[in-house]
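To keep things clear, I will list the structure first and then write my remarks on it.
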Amino acid sequence: MSQILSKVFQSMNVAVFDHPDDQTLQLLTEPPIWLGQFCEKELVAGDSVQLVGLFPFLDCFLDEAEEFWDSKISTPHRSGPWVDFTPDGEEIPLEAVALWQDDKKLLIIQDLGEEYYNEVTRLQGYRDGALTQEMLELEIENQTKQIRVREEEIAMKLLSAAGHRDHETAAHVRRIGLYAEVMAKALAWDEASTADIRIAAPMHDIGKIGIPDRVLLKPGKLTEEEFEEMKQHAAIGADMLNGTNIPLLKMASEIAMCHHEKWDGTGYPAGLDGKEIPESARITTIVDVYDALVHKRVYKEASSENAALKVMEQMVGKHFDPDLYAVFIDNLPTIREIKNNYAEPTEA
Amino acid sequence: MVQKKICLLGAFAVGKTSLVMRYVNSIFGEKYHTTVGVKIDKKQLVSNGQDITLMIWDLAGQDDLTRLRTSYLRGVAGYVIVADGTRPFSLNTAINMHKEAREYTGDVPFIVAINKADLREEQWQVEAEQIKALEDDGAIIVLTSAKTGEGVEETFQLLTQQMLKSELAPLDNTEIK
């Protein structure tokens, strides 16, 4: 090896080994200082060195290097950095490179020195920043969840106050939201919209607050005029919830407006049909009918689930979106669990 | 003496190096020092009356700039997947790294260490259901704290026992889904 090359290798803190057979690693360069710190005996160029016992990392890399040498690719194959400790406890960052040159298997090991610590500093800065960003995102997520919980509580309190007029219970409004959430999840809605419908669906009847008691609380059948008056609750509710940029209230408004629309276009107030009706409202319609059928009301007894499903099946394609009804049936076990977990106080 | 190579895998800053430092040197530092590349430590222990030397490969944590180099897993007898119980994202990374490692190592024993358990009263973000789901999928989970030492010895002991057991009998085909 020329004197110049020898000096270059020394200045680069590099040890170059030839690997003529499976057992031997022959040092081609003068030993750099760091190598001497790991070896008991003093080395000189030309010595055979047992590296595997000295550097456990090489146990792994030499197997990889053998595969590389067998492939006879001329591009160097790098091990990536590793940190080893001298018997005195000094930390030395090293990297090995396997090289196939002139039919020789060469192994180059370099003390990365400052280059390694510069990389540590660079990555430390990046990771500190990434960690801060992750923590901030988590904080925002947690705060958003808390806001959601508060929003839901406020909505439930207001709905329960409104429900006092027509005897809708807090358990009913809660169930409608949870059923709708199950449907939204099954339909792979995004997280925010799924959370929105849990709060928005229960508000579908909020417009009843604007219906006079003589109509809302009338025990018998409504006259045609009274029914027309009752139908106003959809538009009243939509109007109450309209006029904001809050996605939750926008969704609540469209549900309030469209929850009496029917798939075949015979519903009210606009006579929309099929997918003209927002999906949020089509979902709410199905779960609202289900909940009304399986629970007792002042004017009727509770139906069994089987009886309720028979009635609902008759409504598919007329009142209900057939695809959404199929999703409802697929998720019936979860919906039934919600029904049982949020039973009316008298049923509990 | 039997020698076993084990690796610690996980997202960055979950405490892999701190767990090794606690286990090997019984020390802990509060400040986060990133690991670049691999650090190898050695620990001797006795498991089921057998002297074992663990060669512990502490691999750099995964992030957008650093991916798992699966060749580091060559010859591994078992591994510890480390997640930070205060960072839900790290649990997802841990599960993904486990899947990636599994493809390379096959059915070697592994332990899931959910670290920073000393913060479980204040900042814990791992739901009981998530832990149950992992256990249902066959993972052994240990809550650890490199700060207090909780679960650290247990993690390495359990992994060693599993590794010795797997030498005697084929492992159950357990996977984290």
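By order of appearance in the structure tokens: chains A, B, ..., then residues from 1 within every chain, and ligands from 1 in the order shown.
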Near-range 287-304 of chain A list (8 Å; only C-alpha atoms; drop same-chain fewer than 5 positions) as a PyMOL selection string | chain A and resi 172+175-176+179-180+219+309+312+339
Could you work out which residues of chain B fall inside 10 Å of chain A? Count only C-alpha atoms, and format the result as a compact mmCIF listing (two decimals) with C-alpha atoms, in the first residue's frame.
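After the write, result22.txt holds the following:
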# COMPACT_ATOMS: atom_id res chain seq x y z
CA LYS B 5 -29.17 -11.72 21.05
CA PHE B 12 -38.31 7.34 18.96
CA ALA B 13 -38.22 8.66 22.52
CA TYR B 32 -33.88 12.47 26.25
CA HIS B 33 -30.79 11.50 24.24
CA THR B 34 -31.57 10.20 20.81
CA THR B 35 -29.92 6.98 19.64
CA VAL B 36 -28.37 6.89 16.20
CA GLY B 37 -27.66 3.45 14.76
CA VAL B 38 -27.23 0.64 17.28
CA LYS B 39 -25.90 0.40 20.82
CA ILE B 40 -25.05 -3.02 22.12
CA ASP B 41 -24.97 -3.87 25.80
CA LYS B 42 -24.40 -7.08 27.64
CA MET B 55 -26.57 -9.28 24.03
CA TRP B 57 -29.24 -4.45 20.76
CA ASP B 58 -30.78 -1.05 21.35
CA LEU B 59 -31.91 0.04 17.88
CA ALA B 60 -32.50 3.69 16.93
CA GLY B 61 -36.13 4.63 17.32
CA ASP B 63 -39.43 8.16 12.85
CA ASP B 64 -39.86 9.72 9.42
CA LEU B 65 -36.08 9.81 8.94
CA THR B 66 -35.19 6.44 10.44
CA ARG B 69 -33.22 -1.94 9.32
CA SER B 71 -30.91 -6.94 8.88
CA TYR B 72 -30.10 -5.86 12.46
CA LEU B 73 -32.52 -8.59 13.52
CA ARG B 74 -30.34 -11.30 12.01
CA GLY B 75 -29.78 -14.04 14.61
CA VAL B 76 -32.16 -12.49 17.12
CA THR B 86 -48.32 8.60 27.34
CA ARG B 87 -48.12 8.67 23.52
CA PRO B 88 -50.85 6.70 21.72
CA PHE B 89 -49.04 7.13 18.40
CA GLN B 125 -53.18 7.46 27.08
Closest of B:Ile27, B:Ile95, B:Val14, B:Ala77 to Ala133 in chain B - atom-to-atom distances counting only C-alpha atoms |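 Comparing B:Ile27, B:Ile95, B:Val14, B:Ala77 against Ala133 in chain B, the winner is B:Ile95.
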Compile the contact shell of Ala238 in chain A as a VMD selection string: residues with an atom at most 9 Å away, counting only C-alpha atoms, same-chain residues fewer than 4 positions apart removed.
-> chain A and resid 204 206 to 207 233 to 234 242 250 252 to 258
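Within range 115-168 of chain B, DSSP run on the backbone puts these residues in strand (DSSP E): Asn115, Ile140, Ile141, Val142 and Leu143 of chain B.
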What does the distance from CA of Leu58 in chain A to CA of Gly49 in chain B come to in Å, to one decimal?
-> 29.9 Å
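Rounded to one decimal, CA of Ala186 in chain A and CA of Leu136 in chain A lie 29.9 Å from each other.
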Distance query range 70-74 of chain A at most 6 Å, only C-alpha atoms, self and fewer than 2 positions along chain excluded, as a list in words |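 What passes the distance filter is Glu67, Phe68 and Trp100 of chain A.
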